[in-house]
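Visitor: Below is a structure I'd like to ask you about.
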Amino acid sequence: MTQSTATIPVTPELIDHIANLSRLALSDDEKAKMLDELPRILGMVAQLSELDTSSITSDVGWVSGLPADASMPLRPDTEGQFGKRSILDSNPPKPEDGYFAVPQILEV
């Protein structure tokens, strides 16, 4: 199934707008280059909507790349150096009763 997409003309104003949204400071040469390259990039992205994705199933875990029903091996739950209170208490500038004291930033 192909979706039609409206084409937006790439103008210097559009390049300025995108650069502003992206917080990019583009030189005049870079803007001129983007005027040439951006339509090609958008054309390649538009081609993606023409791909037949009907054979792609949703049983793939997007985060891990493993099937959703695959078991994830876990590390043993053992105490390491970060579980030792004495080591943790040696780092903050002012430990208080097992807690880390931090400066107050909000008025109560």
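Here's how to read the names in the structure tokens: chain A, B, ... by the order shown, residue numbers from 1 in each chain, ligand numbers from 1 in the order shown.
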Write out as a PyMOL selection string the residues lying within 8 Å of Lys31 (chain A), counting only C-alpha atoms and excluding same-chain residues fewer than 4 positions away.

Guide: chain A and resi 12+15-16+26-27+35

Visitor: Go ahead and write the selection's residues with N, CA and C atoms as a compact mmCIF listing (two decimals), in the first residue's frame.

Guide:
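Generated file (again_37.txt):
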# COMPACT_ATOMS: atom_id res chain seq x y z
N PRO A 12 15.25 28.70 1.08
CA PRO A 12 16.19 29.21 2.08
C PRO A 12 15.52 29.49 3.42
N ILE A 15 15.20 26.21 5.26
CA ILE A 15 16.51 25.83 5.80
C ILE A 15 16.79 26.63 7.08
N ASP A 16 16.51 27.94 7.05
CA ASP A 16 16.70 28.77 8.24
C ASP A 16 15.82 28.30 9.39
N LEU A 26 24.25 27.76 10.76
CA LEU A 26 24.78 27.36 9.46
C LEU A 26 25.36 28.56 8.73
N SER A 27 26.49 28.35 8.11
CA SER A 27 27.09 29.40 7.28
C SER A 27 26.31 29.47 5.96
N LEU A 35 20.33 23.29 0.63
CA LEU A 35 19.31 23.49 -0.39
C LEU A 35 19.41 22.43 -1.48

Visitor: For region 38-45 of chain A, please output as a list in words all residues within 10 Å (counting only C-alpha atoms; exclusion window: fewer than 5 positions along the same chain).

Guide: Thr7, Ile8, Pro9, Val10, Thr11, Ile15, Lys33 and Glu50 of chain A

Visitor: Which is closer to Ser86 (chain A) than all the others in A:Tyr99, A:Leu74, A:Glu37, A:Ile105, using only C-alpha atoms?

Guide: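 The closest residue to Ser86 (chain A) is A:Tyr99.
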